[in-house]
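*Asks:* I'm passing along entry_38.pdb; it holds PDB, C-alpha atoms and all ligand atoms.
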```pdb
ATOM      1  CA  MET A   1     -28.348   0.017 -20.418
ATOM      2  CA  ARG A   2     -25.464  -2.380 -20.207
ATOM      3  CA  ALA A   3     -21.758  -1.673 -19.973
ATOM      4  CA  ARG A   4     -21.167  -3.611 -23.182
ATOM      5  CA  ASP A   5     -23.414  -1.222 -25.134
ATOM      6  CA  VAL A   6     -21.155   1.636 -24.013
ATOM      7  CA  GLU A   7     -18.106  -0.432 -24.939
ATOM      8  CA  ALA A   8     -19.494  -1.005 -28.444
ATOM      9  CA  ALA A   9     -20.341   2.689 -28.908
ATOM     10  CA  LEU A  10     -16.853   3.725 -27.784
ATOM     11  CA  ASP A  11     -15.286   1.113 -30.043
ATOM     12  CA  ARG A  12     -17.136   2.575 -33.057
ATOM     13  CA  LEU A  13     -16.220   6.154 -32.167
ATOM     14  CA  LEU A  14     -12.547   5.353 -31.605
ATOM     15  CA  PRO A  15     -11.348   3.645 -34.779
ATOM     16  CA  GLU A  16      -7.853   2.261 -35.107
ATOM     17  CA  ALA A  17      -5.900   4.846 -37.112
ATOM     18  CA  ALA A  18      -3.361   3.917 -39.713
ATOM     19  CA  VAL A  19      -0.126   5.802 -40.335
ATOM     20  CA  GLN A  20       1.735   8.233 -38.130
ATOM     21  CA  GLU A  21      -0.962   9.134 -35.604
ATOM     22  CA  GLN A  22      -1.592   5.483 -34.769
ATOM     23  CA  LYS A  23       0.017   5.743 -31.327
ATOM     24  CA  LEU A  24      -2.309   8.573 -30.285
ATOM     25  CA  TRP A  25      -5.433   6.653 -31.303
ATOM     26  CA  ARG A  26      -4.161   3.488 -29.660
ATOM     27  CA  ALA A  27      -3.637   5.427 -26.441
ATOM     28  CA  MET A  28      -7.146   6.898 -26.719
ATOM     29  CA  ARG A  29      -8.598   3.417 -27.111
ATOM     30  CA  TYR A  30      -6.479   2.158 -24.219
ATOM     31  CA  ALA A  31      -7.801   4.933 -21.976
ATOM     32  CA  CYS A  32     -11.456   4.280 -22.834
ATOM     33  CA  LEU A  33     -12.026   0.647 -23.677
ATOM     34  CA  ASP A  34     -12.248  -2.472 -21.591
ATOM     35  CA  GLY A  35     -12.770  -1.168 -18.083
ATOM     36  CA  GLY A  36     -14.498   1.220 -15.765
ATOM     37  CA  LYS A  37     -17.887   1.133 -14.161
ATOM     38  CA  ARG A  38     -19.497   3.283 -16.895
ATOM     39  CA  LEU A  39     -21.590   5.156 -14.334
ATOM     40  CA  ARG A  40     -21.625   8.449 -16.214
ATOM     41  CA  PRO A  41     -22.958   6.983 -19.494
ATOM     42  CA  PHE A  42     -25.491   5.021 -17.459
ATOM     43  CA  LEU A  43     -26.667   8.310 -15.956
ATOM     44  CA  VAL A  44     -27.001   9.934 -19.403
ATOM     45  CA  VAL A  45     -28.981   7.024 -20.823
ATOM     46  CA  GLU A  46     -31.273   6.544 -17.837
ATOM     47  CA  ALA A  47     -31.955  10.273 -17.438
ATOM     48  CA  ALA A  48     -32.833  10.504 -21.142
ATOM     49  CA  SER A  49     -35.082   7.455 -20.896
ATOM     50  CA  LEU A  50     -37.286   9.348 -18.405
ATOM     51  CA  PHE A  51     -38.370  11.466 -21.371
ATOM     52  CA  GLY A  52     -38.899   8.601 -23.777
ATOM     53  CA  VAL A  53     -35.486   8.725 -25.452
ATOM     54  CA  ARG A  54     -34.598   5.207 -26.496
ATOM     55  CA  ARG A  55     -31.441   3.902 -24.856
ATOM     56  CA  GLN A  56     -29.778   3.207 -28.176
ATOM     57  CA  GLN A  57     -30.388   6.815 -29.222
ATOM     58  CA  ALA A  58     -28.731   8.269 -26.140
ATOM     59  CA  LEU A  59     -25.652   6.067 -26.434
ATOM     60  CA  ARG A  60     -23.550   8.408 -28.566
ATOM     61  CA  ALA A  61     -23.897  11.276 -26.090
ATOM     62  CA  ALA A  62     -23.323   8.788 -23.263
ATOM     63  CA  ALA A  63     -20.111   7.535 -24.884
ATOM     64  CA  ALA A  64     -18.963  11.146 -25.347
ATOM     65  CA  MET A  65     -19.380  11.758 -21.613
ATOM     66  CA  GLU A  66     -17.423   8.596 -20.832
ATOM     67  CA  MET A  67     -14.629   9.947 -23.066
ATOM     68  CA  VAL A  68     -14.577  13.122 -20.982
ATOM     69  CA  HIS A  69     -14.388  11.049 -17.813
ATOM     70  CA  CYS A  70     -11.533   8.972 -19.272
ATOM     71  CA  CYS A  71      -9.809  12.212 -20.287
ATOM     72  CA  SER A  72     -10.028  13.363 -16.669
ATOM     73  CA  LEU A  73      -8.524  10.080 -15.442
ATOM     74  CA  VAL A  74      -5.579  10.286 -17.844
ATOM     75  CA  PHE A  75      -4.855  13.845 -16.704
ATOM     76  CA  ASP A  76      -5.443  12.954 -13.044
ATOM     77  CA  ASP A  77      -2.852  10.148 -13.130
ATOM     78  CA  LEU A  78      -0.065  12.208 -14.699
ATOM     79  CA  PRO A  79       3.076  12.676 -12.593
ATOM     80  CA  ALA A  80       2.306  16.403 -12.362
ATOM     81  CA  LEU A  81      -1.101  15.668 -10.813
ATOM     82  CA  ASP A  82      -1.696  12.574  -8.669
ATOM     83  CA  ASP A  83       1.256  10.629 -10.077
ATOM     84  CA  ASP A  84      -0.562   7.299 -10.210
ATOM     85  CA  LYS A  85       0.733   4.307 -12.105
ATOM     86  CA  LEU A  86      -2.238   1.945 -11.884
ATOM     87  CA  ARG A  87      -5.688   2.596 -13.339
ATOM     88  CA  ARG A  88      -8.552   0.143 -13.959
ATOM     89  CA  GLY A  89      -6.236  -2.695 -12.978
ATOM     90  CA  ARG A  90      -3.679  -1.813 -15.654
ATOM     91  CA  PRO A  91      -0.715   0.522 -15.991
ATOM     92  CA  ALA A  92      -1.882   4.132 -16.356
ATOM     93  CA  CYS A  93      -1.918   5.657 -19.831
ATOM     94  CA  HIS A  94       1.232   7.700 -19.254
ATOM     95  CA  VAL A  95       3.094   4.606 -18.036
ATOM     96  CA  VAL A  96       2.334   2.701 -21.239
ATOM     97  CA  PHE A  97       2.524   5.490 -23.833
ATOM     98  CA  GLY A  98       4.676   8.131 -22.166
ATOM     99  CA  GLU A  99       3.693  11.468 -20.703
ATOM    100  CA  ALA A 100       3.618  13.435 -23.947
ATOM    101  CA  THR A 101       1.209  11.011 -25.617
ATOM    102  CA  ALA A 102      -0.905  10.822 -22.458
ATOM    103  CA  ILE A 103      -1.338  14.611 -22.456
ATOM    104  CA  LEU A 104      -2.310  14.558 -26.134
ATOM    105  CA  THR A 105      -4.617  11.599 -25.476
ATOM    106  CA  ALA A 106      -6.526  13.384 -22.730
ATOM    107  CA  ALA A 107      -6.863  16.568 -24.798
ATOM    108  CA  SER A 108      -7.952  14.534 -27.844
ATOM    109  CA  LEU A 109     -10.602  12.610 -25.917
ATOM    110  CA  LEU A 110     -12.106  15.858 -24.716
ATOM    111  CA  MET A 111     -12.150  17.285 -28.240
ATOM    112  CA  LEU A 112     -13.544  14.078 -29.720
ATOM    113  CA  ALA A 113     -16.345  14.207 -27.168
ATOM    114  CA  PHE A 114     -17.318  17.650 -28.470
ATOM    115  CA  GLU A 115     -17.118  16.366 -32.031
ATOM    116  CA  VAL A 116     -19.506  13.544 -31.179
ATOM    117  CA  LEU A 117     -21.980  15.902 -29.474
ATOM    118  CA  ALA A 118     -21.870  18.301 -32.432
ATOM    119  CA  ASP A 119     -22.618  15.525 -34.948
ATOM    120  CA  PRO A 120     -26.216  15.360 -36.256
ATOM    121  CA  ALA A 121     -26.077  11.593 -35.713
ATOM    122  CA  THR A 122     -26.188  12.359 -31.970
ATOM    123  CA  HIS A 123     -29.383  14.419 -32.300
ATOM    124  CA  PRO A 124     -31.036  15.799 -35.438
ATOM    125  CA  ASP A 125     -32.058  19.075 -33.771
ATOM    126  CA  ALA A 126     -29.250  21.672 -33.852
ATOM    127  CA  GLU A 127     -30.612  23.486 -30.815
ATOM    128  CA  VAL A 128     -30.381  20.291 -28.793
ATOM    129  CA  ARG A 129     -26.808  19.774 -29.959
ATOM    130  CA  ILE A 130     -25.822  23.297 -28.930
ATOM    131  CA  GLY A 131     -27.368  22.586 -25.532
ATOM    132  CA  LEU A 132     -25.280  19.404 -25.184
ATOM    133  CA  ILE A 133     -22.084  21.209 -26.153
ATOM    134  CA  ASP A 134     -22.813  24.079 -23.786
ATOM    135  CA  ALA A 135     -23.478  21.708 -20.869
ATOM    136  CA  LEU A 136     -20.247  19.808 -21.460
ATOM    137  CA  ALA A 137     -18.126  22.936 -21.951
ATOM    138  CA  LYS A 138     -19.317  24.375 -18.656
ATOM    139  CA  ALA A 139     -18.934  21.111 -16.732
ATOM    140  CA  ALA A 140     -15.454  20.124 -17.885
ATOM    141  CA  GLY A 141     -13.875  23.555 -18.103
ATOM    142  CA  PRO A 142     -12.482  26.156 -15.748
ATOM    143  CA  ARG A 143     -15.831  26.820 -14.066
ATOM    144  CA  ASN A 144     -16.097  23.240 -12.834
ATOM    145  CA  MET A 145     -13.986  20.114 -13.344
ATOM    146  CA  ALA A 146     -10.716  21.784 -14.314
ATOM    147  CA  ALA A 147     -11.180  24.297 -11.481
ATOM    148  CA  GLY A 148     -11.875  21.478  -9.023
ATOM    149  CA  GLN A 149      -8.730  19.652 -10.064
ATOM    150  CA  ALA A 150      -6.683  22.848  -9.728
ATOM    151  CA  ILE A 151      -8.086  23.431  -6.241
ATOM    152  CA  ASP A 152      -7.487  19.762  -5.305
ATOM    153  CA  LEU A 153      -3.790  20.297  -6.053
ATOM    154  CA  ALA A 154      -3.650  23.684  -4.336
ATOM    155  CA  PHE A 155      -5.149  22.174  -1.146
ATOM    156  CA  GLU A 156      -2.499  19.439  -0.795
ATOM    157  CA  HIS A 157      -0.874  19.545   2.656
ATOM    158  CA  LYS A 158      -2.975  22.562   3.663
ATOM    159  CA  PRO A 159      -5.482  22.838   6.480
ATOM    160  CA  VAL A 160      -8.801  23.191   4.668
ATOM    161  CA  ASP A 161     -12.254  23.451   6.197
ATOM    162  CA  VAL A 162     -15.141  21.152   5.342
ATOM    163  CA  ARG A 163     -17.031  23.771   3.315
ATOM    164  CA  MET A 164     -14.076  24.302   1.009
ATOM    165  CA  ILE A 165     -13.559  20.576   0.550
ATOM    166  CA  GLU A 166     -17.220  20.165  -0.352
ATOM    167  CA  ARG A 167     -16.986  22.972  -2.868
ATOM    168  CA  MET A 168     -13.868  21.424  -4.435
ATOM    169  CA  GLN A 169     -15.564  18.010  -4.692
ATOM    170  CA  GLY A 170     -18.650  19.550  -6.241
ATOM    171  CA  LEU A 171     -16.469  21.097  -8.914
ATOM    172  CA  LYS A 172     -14.099  18.251  -9.685
ATOM    173  CA  THR A 173     -16.621  15.381  -9.557
ATOM    174  CA  GLY A 174     -20.153  16.669  -8.915
ATOM    175  CA  ALA A 175     -20.249  18.826 -12.023
ATOM    176  CA  LEU A 176     -19.570  16.029 -14.511
ATOM    177  CA  PHE A 177     -22.245  13.825 -12.937
ATOM    178  CA  ALA A 178     -24.620  16.805 -12.987
ATOM    179  CA  SER A 179     -23.900  17.415 -16.664
ATOM    180  CA  CYS A 180     -24.510  13.749 -17.540
ATOM    181  CA  ALA A 181     -27.962  13.959 -15.983
ATOM    182  CA  GLU A 182     -28.505  17.301 -17.695
ATOM    183  CA  ILE A 183     -27.458  15.904 -21.057
ATOM    184  CA  GLY A 184     -30.080  13.193 -20.649
ATOM    185  CA  ALA A 185     -32.653  15.911 -19.969
ATOM    186  CA  ILE A 186     -31.522  17.968 -22.970
ATOM    187  CA  LEU A 187     -31.733  14.941 -25.288
ATOM    188  CA  GLY A 188     -35.280  14.410 -24.055
ATOM    189  CA  LYS A 189     -36.205  18.100 -24.398
ATOM    190  CA  ALA A 190     -37.226  18.110 -20.747
ATOM    191  CA  ASP A 191     -38.827  21.192 -19.247
ATOM    192  CA  ALA A 192     -36.789  23.478 -16.973
ATOM    193  CA  ASN A 193     -38.113  21.941 -13.750
ATOM    194  CA  ALA A 194     -37.315  18.376 -14.699
ATOM    195  CA  ARG A 195     -33.908  19.438 -15.970
ATOM    196  CA  GLU A 196     -33.100  21.263 -12.739
ATOM    197  CA  SER A 197     -34.165  18.264 -10.663
ATOM    198  CA  LEU A 198     -31.888  16.000 -12.668
ATOM    199  CA  VAL A 199     -28.970  18.406 -12.392
ATOM    200  CA  ALA A 200     -29.455  18.483  -8.608
ATOM    201  CA  PHE A 201     -29.644  14.678  -8.561
ATOM    202  CA  GLY A 202     -26.443  14.345 -10.613
ATOM    203  CA  ARG A 203     -24.524  16.829  -8.502
ATOM    204  CA  ALA A 204     -25.560  15.188  -5.236
ATOM    205  CA  ILE A 205     -24.666  11.662  -6.325
ATOM    206  CA  GLY A 206     -21.400  12.986  -7.777
ATOM    207  CA  CYS A 207     -20.433  14.515  -4.442
ATOM    208  CA  ALA A 208     -21.415  11.330  -2.620
ATOM    209  CA  PHE A 209     -19.444   9.372  -5.204
ATOM    210  CA  GLN A 210     -16.270  11.327  -4.435
ATOM    211  CA  ILE A 211     -16.702  10.803  -0.691
ATOM    212  CA  ALA A 212     -17.126   7.072  -1.365
ATOM    213  CA  ASP A 213     -13.977   7.157  -3.497
ATOM    214  CA  ASP A 214     -12.090   8.837  -0.667
ATOM    215  CA  LEU A 215     -13.410   6.241   1.810
ATOM    216  CA  LEU A 216     -12.315   3.452  -0.522
ATOM    217  CA  ASP A 217      -8.885   5.043  -0.800
ATOM    218  CA  ARG A 218      -8.671   4.668   3.001
ATOM    219  CA  GLU A 219     -10.477   1.353   3.467
ATOM    220  CA  GLY A 220     -10.587  -0.423   0.108
ATOM    221  CA  ASP A 221      -8.008  -2.663  -1.467
ATOM    222  CA  ARG A 222      -5.866  -2.168  -4.517
ATOM    223  CA  LYS A 223      -6.943  -5.361  -6.228
ATOM    224  CA  THR A 224     -10.684  -4.699  -6.098
ATOM    225  CA  MET A 225     -10.276  -1.011  -6.919
ATOM    226  CA  GLY A 226      -7.803  -1.530  -9.750
ATOM    227  CA  LYS A 227      -5.867   1.495  -8.523
ATOM    228  CA  GLU A 228      -3.534   2.245  -5.660
ATOM    229  CA  THR A 229      -5.168   2.872  -2.299
ATOM    230  CA  GLY A 230      -3.898   4.766   0.723
ATOM    231  CA  LYS A 231      -2.601   7.482  -1.553
ATOM    232  CA  ASP A 232      -4.730  10.418  -0.429
ATOM    233  CA  ALA A 233      -3.218  10.584   3.051
ATOM    234  CA  ALA A 234       0.287  10.163   1.661
ATOM    235  CA  ALA A 235      -0.275  12.988  -0.833
ATOM    236  CA  GLY A 236      -1.841  15.236   1.823
ATOM    237  CA  LYS A 237      -5.143  15.429  -0.110
ATOM    238  CA  ALA A 238      -7.929  17.448   1.446
ATOM    239  CA  THR A 239     -10.856  15.013   1.726
ATOM    240  CA  LEU A 240     -13.847  14.713   4.023
ATOM    241  CA  VAL A 241     -12.365  11.446   5.260
ATOM    242  CA  GLN A 242      -9.290  13.313   6.428
ATOM    243  CA  ALA A 243     -11.317  16.233   7.816
ATOM    244  CA  LEU A 244     -14.165  14.320   9.497
ATOM    245  CA  GLY A 245     -13.013  10.713   9.844
ATOM    246  CA  CYS A 246     -14.552   7.721   8.073
ATOM    247  CA  ASP A 247     -17.797   7.427  10.028
ATOM    248  CA  GLN A 248     -18.817  11.033   9.656
ATOM    249  CA  ALA A 249     -17.718  11.159   6.022
ATOM    250  CA  ARG A 250     -19.893   8.095   5.362
ATOM    251  CA  ARG A 251     -22.842   9.785   7.037
ATOM    252  CA  GLU A 252     -22.235  12.835   4.888
ATOM    253  CA  ALA A 253     -22.272  10.685   1.731
ATOM    254  CA  GLU A 254     -25.519   9.066   2.896
ATOM    255  CA  ARG A 255     -27.003  12.498   3.520
ATOM    256  CA  MET A 256     -26.098  13.531  -0.042
ATOM    257  CA  ILE A 257     -27.776  10.411  -1.415
ATOM    258  CA  GLY A 258     -30.888  11.242   0.614
ATOM    259  CA  LYS A 259     -30.858  14.689  -0.974
ATOM    260  CA  ALA A 260     -30.385  13.140  -4.420
ATOM    261  CA  LEU A 261     -33.399  10.878  -3.929
ATOM    262  CA  VAL A 262     -35.572  13.839  -2.964
ATOM    263  CA  SER A 263     -34.687  15.424  -6.338
ATOM    264  CA  LEU A 264     -36.185  12.397  -8.087
ATOM    265  CA  GLU A 265     -39.551  12.547  -6.323
ATOM    266  CA  GLY A 266     -41.335  14.173  -9.272
ATOM    267  CA  PHE A 267     -40.431  11.255 -11.564
ATOM    268  CA  GLY A 268     -42.219   8.517  -9.643
ATOM    269  CA  GLY A 269     -41.545   4.873 -10.417
ATOM    270  CA  SER A 270     -39.949   5.522 -13.796
ATOM    271  CA  ALA A 271     -36.765   6.729 -12.065
ATOM    272  CA  HIS A 272     -36.088   3.419 -10.322
ATOM    273  CA  ARG A 273     -32.844   2.804 -12.206
ATOM    274  CA  LEU A 274     -31.531   6.214 -11.149
ATOM    275  CA  ARG A 275     -32.484   5.369  -7.548
ATOM    276  CA  ASP A 276     -30.519   2.122  -7.853
ATOM    277  CA  LEU A 277     -27.568   4.103  -9.191
ATOM    278  CA  ALA A 278     -27.724   6.431  -6.178
ATOM    279  CA  GLN A 279     -27.636   3.456  -3.810
ATOM    280  CA  PHE A 280     -24.792   1.846  -5.724
ATOM    281  CA  VAL A 281     -22.680   4.992  -5.402
ATOM    282  CA  ILE A 282     -22.418   4.595  -1.637
ATOM    283  CA  SER A 283     -22.625   0.822  -1.304
ATOM    284  CA  ARG A 284     -19.957   0.002  -3.874
ATOM    285  CA  ASN A 285     -16.596  -1.536  -3.043
ATOM    286  CA  THR A 286     -15.011  -0.828  -6.403
TER     287      THR A 286
HETATM  288  C1  LIG A 301     -12.834   7.644 -10.565
HETATM  289  O1  LIG A 301     -14.087   7.453 -11.162
HETATM  290  C2  LIG A 301     -12.539   9.111 -10.476
HETATM  291  C3  LIG A 301     -13.344   9.840  -9.498
HETATM  292  C4  LIG A 301     -14.096  10.837  -9.816
HETATM  293  C5  LIG A 301     -13.274   9.494  -8.096
HETATM  294  P1  LIG A 301     -14.725   5.989 -11.348
HETATM  295  O2  LIG A 301     -14.581   5.214 -10.070
HETATM  296  O3  LIG A 301     -16.091   6.147 -11.902
HETATM  297  O4  LIG A 301     -13.756   5.350 -12.431
HETATM  298  P2  LIG A 301     -14.040   4.130 -13.432
HETATM  299  O5  LIG A 301     -14.594   4.748 -14.679
HETATM  300  O6  LIG A 301     -14.990   3.171 -12.808
HETATM  301  O7  LIG A 301     -12.678   3.547 -13.689
HETATM  302  C1  LIG A 302     -10.433  12.406  -9.458
HETATM  303  O1  LIG A 302     -10.414  12.282  -8.090
HETATM  304  C2  LIG A 302     -11.392  13.424  -9.908
HETATM  305  C3  LIG A 302     -11.281  13.587 -11.363
HETATM  306  C4  LIG A 302     -10.666  12.756 -12.152
HETATM  307  C5  LIG A 302     -11.873  14.760 -11.957
HETATM  308  P1  LIG A 302      -9.335  11.246  -7.513
HETATM  309  O2  LIG A 302      -7.961  11.707  -7.784
HETATM  310  O3  LIG A 302      -9.695  10.918  -6.115
HETATM  311  O4  LIG A 302      -9.633   9.972  -8.432
HETATM  312  P2  LIG A 302      -8.823   8.597  -8.345
HETATM  313  O5  LIG A 302      -8.890   8.128  -6.918
HETATM  314  O6  LIG A 302      -7.433   8.897  -8.802
HETATM  315  O7  LIG A 302      -9.587   7.700  -9.267
HETATM  316 MG    MG A 303      -7.034  13.547  -8.179
HETATM  317 MG    MG A 304      -6.306  10.529  -8.524
HETATM  318 MG    MG A 305      -9.508   8.946  -5.251
END
```
Could you render the structure from this file as structure tokens?
Ligand code: IPE
Ligand code: IPE
Ligand code: MG
Ligand code: MG
Ligand code: MG
*Replies:*
Amino acid sequence: MRARDVEAALDRLLPEAAVQEQKLWRAMRYACLDGGKRLRPFLVVEAASLFGVRRQQALRAAAAMEMVHCCSLVFDDLPALDDDKLRRGRPACHVVFGEATAILTAASLLMLAFEVLADPATHPDAEVRIGLIDALAKAAGPRNMAAGQAIDLAFEHKPVDVRMIERMQGLKTGALFASCAEIGAILGKADANARESLVAFGRAIGCAFQIADDLLDREGDRKTMGKETGKDAAAGKATLVQALGCDQARREAERMIGKALVSLEGFGGSAHRLRDLAQFVISRNT
């Protein structure tokens, strides 16, 4: 799968609207198009391909999951959350369109993602579609991502132990990665074992991904990252980097990737793209 396939799918699913609601749709397009590493859609498409789902067929569900991710970024950057002004090398959504539109944009992207998953064009089998919707609802809602974000804010400037930080990261970031892998499995009607293995893989790389993000906040540069760096310490964020130091946090991320790779053992050589993704998560500089 290539990033430009995701871009094209998102472009189709986010039409320019005429009339009064034009600003909302423009903001939704701004938040989704032309940027980002597209790791979550890649995970959907490559997980599905393990079960013979053609990449083109998985793209709608993949684009829906990217919308959810973009929704989370728009919320995350709001002044009431991380108060960030730069995202993907451009002004954050709320800087360009205002806070009110940014809030509506994030909520709309989440709802549109559900609409896409519920559409028979995504999968002809209604049971599969219910499975997709269920997986997303659980991952993005108050049991996982939203809870993780709430805890992230509650932990600011507090002494927090490593266990609690790991739990928070699993919720705010691990769960969406896990659900992307799961959605691939659901599209491919995978059996329970394969599905569980992919969920474990997604969660582990998601947790490693957040540690890498926290390391890059400490060690990376603004220009390469396309977002401000050095902000976690200033905001008093509870991260493994702050709790353990860079070297040990890096080792922890590597350990998670090792765990992720073990989850893929049953898939043999066909999972090589997922293995590459796991390596990328900790070797990246962007
Ligand atoms: C950033 O995610 C938010 C985190 C969970 C750390 P990405 O680094 O995947 O963001 P984009 O999509 O590439 O901009
Ligand atoms: C964001 O974590 C997690 C979610 C968006 C759910 P961060 O706050 O560390 O992400 P960045 O660094 O702003 O991209
Ligand atoms: Mg945040
Ligand atoms: Mg942030
Ligand atoms: Mg960060």
*Asks:* Between A:Asp191, A:Leu176, A:Leu264, A:Val53, which residue has the minimum interatomic distance to A:Arg143, considering only C-alpha atoms?
*Replies:* A:Leu176
*Asks:* What residues have any atom no more than 12 Å from ligand MG 304 (chain A) when counting only C-alpha atoms and all ligand atoms, and can you list them as a PyMOL selection string?
*Replies:* chain A and resi 72-88+92+149+152-153+172-173+210+213-214+217+227-233+235+237
*Asks:* From the options A:Arg273, A:Lys158, A:Arg12, A:His123, which residue's atoms come nearest to A:Leu187, counting only C-alpha atoms?
*Replies:*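 The answer is A:His123, which sits nearest to A:Leu187.
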*Asks:* Name the residues that the PyMOL selection byres (((chain A and resi 259) around 12) and not hetatm) picks from the file above, as number ranges by chain, using the file's chain letters and numbers.
*Replies:* A: 197-198, 200-208, 252-258, 260-265, 275, 278
*Asks:* Hey, which of A:Gly98, A:Gly52, A:Pro159, A:Gly36 ends up closest to ligand LIG 301 (chain A)? Count only C-alpha atoms and all ligand atoms.
*Replies:*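 Checking each of A:Gly98, A:Gly52, A:Pro159, A:Gly36 against ligand LIG 301 (chain A), counting only C-alpha atoms and all ligand atoms, the winner is A:Gly36.
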*Asks:* Given the choices A:Met1, A:Leu13, A:Ala8, A:Ala121, which gets closest to A:Arg55 if the distance is worked out from all atoms listed in the file?
*Replies:*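 Among A:Met1, A:Leu13, A:Ala8, A:Ala121, it is A:Met1 that comes nearest to A:Arg55.
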*Asks:* Please measure the separation of atom O1 of ligand LIG 301 (chain A) and atom CA of A:His69, giving the value in Å to one decimal.
*Replies:* 7.6 Å
*Asks:* The PyMOL selection byres (((chain A and resi 26) around 12) and not hetatm) - which residues does that actually catch in the file I just gave you? List them as a ChimeraX atom specification.
*Replies:* /A:11,14-25,27-33,93,96-97,101-102,104-105,108-109
*Asks:* Hey, can you check how far atom CA of A:Ala48 sits from atom CA of A:Gly188?
*Replies:*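 We find that atom CA of A:Ala48 and atom CA of A:Gly188 lie 5.5 Å from each other.
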*Asks:* Padding 3 Å on each side, edges along x, y and z: where is the centre of the box around the listed atoms of ligand LIG 302 (chain A), and how long are its edges in Å to one decimal? Output it as lines of an AutoDock Vina configuration file.
*Replies:*
```
center_x = -9.7
center_y = 11.2
center_z = -9.1
size_x = 10.4
size_y = 13.1
size_z = 12.0
```
*Asks:* Would you please work out which residue, of A:Ala126, A:Glu196, A:Glu99, A:Cys71, is nearest to ligand LIG 302 (chain A) when using only C-alpha atoms and all ligand atoms?
*Replies:* A:Cys71
*Asks:* Could you tell me how far atom CA of A:Lys189 sits from atom CA of A:Glu127, in Å to one decimal place?
*Replies:*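 Answer for the atom CA of A:Glu127 to atom CA of A:Lys189 separation: 10.1 Å.
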*Asks:* Using only C-alpha atoms, which protein or nucleic acid residues come within 7 Å of stretch 242-247 of chain A? Drop anything in the same chain fewer than 4 positions from it, and give the result as a short mmCIF file (atom, residue, chain, number, x, y, z; two decimals) with C-alpha atoms, in the frame of the given file.
*Replies:*
```
data_model
loop_
_atom_site.label_atom_id
_atom_site.label_comp_id
_atom_site.auth_asym_id
_atom_site.auth_seq_id
_atom_site.Cartn_x
_atom_site.Cartn_y
_atom_site.Cartn_z
CA VAL A 162 -15.14 21.15 5.34
CA LEU A 215 -13.41 6.24 1.81
CA ALA A 238 -7.93 17.45 1.45
CA ARG A 251 -22.84 9.78 7.04
#
```
*Asks:* Could you write stretch 151-164 of chain A as a PDB file, keeping the file's coordinate frame, with N, CA and C atoms rebuilt where they are missing?
*Replies:*
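Printed below is out_30.pdb as written:
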```pdb
ATOM      1  N   ILE A 151      -7.949  23.180  -7.681  1.00  0.00           N
ATOM      2  CA  ILE A 151      -8.086  23.431  -6.241  1.00  0.00           C
ATOM      3  C   ILE A 151      -7.607  22.214  -5.442  1.00  0.00           C
ATOM      4  N   ASP A 152      -7.936  21.016  -5.947  1.00  0.00           N
ATOM      5  CA  ASP A 152      -7.487  19.762  -5.305  1.00  0.00           C
ATOM      6  C   ASP A 152      -5.965  19.799  -5.116  1.00  0.00           C
ATOM      7  N   LEU A 153      -5.261  20.238  -6.140  1.00  0.00           N
ATOM      8  CA  LEU A 153      -3.790  20.297  -6.053  1.00  0.00           C
ATOM      9  C   LEU A 153      -3.344  21.416  -5.108  1.00  0.00           C
ATOM     10  N   ALA A 154      -4.033  22.550  -5.181  1.00  0.00           N
ATOM     11  CA  ALA A 154      -3.650  23.684  -4.336  1.00  0.00           C
ATOM     12  C   ALA A 154      -3.866  23.382  -2.850  1.00  0.00           C
ATOM     13  N   PHE A 155      -4.826  22.504  -2.539  1.00  0.00           N
ATOM     14  CA  PHE A 155      -5.149  22.174  -1.146  1.00  0.00           C
ATOM     15  C   PHE A 155      -4.212  21.137  -0.527  1.00  0.00           C
ATOM     16  N   GLU A 156      -3.359  20.505  -1.342  1.00  0.00           N
ATOM     17  CA  GLU A 156      -2.499  19.439  -0.795  1.00  0.00           C
ATOM     18  C   GLU A 156      -1.665  19.971   0.373  1.00  0.00           C
ATOM     19  N   HIS A 157      -1.663  19.200   1.451  1.00  0.00           N
ATOM     20  CA  HIS A 157      -0.874  19.545   2.656  1.00  0.00           C
ATOM     21  C   HIS A 157      -1.272  20.877   3.289  1.00  0.00           C
ATOM     22  N   LYS A 158      -2.516  21.309   3.048  1.00  0.00           N
ATOM     23  CA  LYS A 158      -2.975  22.562   3.663  1.00  0.00           C
ATOM     24  C   LYS A 158      -4.152  22.253   4.604  1.00  0.00           C
ATOM     25  N   PRO A 159      -4.274  23.011   5.665  1.00  0.00           N
ATOM     26  CA  PRO A 159      -5.482  22.838   6.480  1.00  0.00           C
ATOM     27  C   PRO A 159      -6.656  23.487   5.746  1.00  0.00           C
ATOM     28  N   VAL A 160      -7.677  22.692   5.463  1.00  0.00           N
ATOM     29  CA  VAL A 160      -8.801  23.191   4.668  1.00  0.00           C
ATOM     30  C   VAL A 160     -10.087  22.837   5.394  1.00  0.00           C
ATOM     31  N   ASP A 161     -11.029  23.794   5.463  1.00  0.00           N
ATOM     32  CA  ASP A 161     -12.254  23.451   6.197  1.00  0.00           C
ATOM     33  C   ASP A 161     -13.234  22.681   5.315  1.00  0.00           C
ATOM     34  N   VAL A 162     -14.220  22.088   5.996  1.00  0.00           N
ATOM     35  CA  VAL A 162     -15.141  21.152   5.342  1.00  0.00           C
ATOM     36  C   VAL A 162     -15.890  21.805   4.176  1.00  0.00           C
ATOM     37  N   ARG A 163     -16.316  23.035   4.381  1.00  0.00           N
ATOM     38  CA  ARG A 163     -17.031  23.771   3.315  1.00  0.00           C
ATOM     39  C   ARG A 163     -16.213  23.834   2.026  1.00  0.00           C
ATOM     40  N   MET A 164     -14.929  24.147   2.194  1.00  0.00           N
ATOM     41  CA  MET A 164     -14.076  24.302   1.009  1.00  0.00           C
ATOM     42  C   MET A 164     -13.840  22.955   0.332  1.00  0.00           C
TER      43      MET A 164
END
```
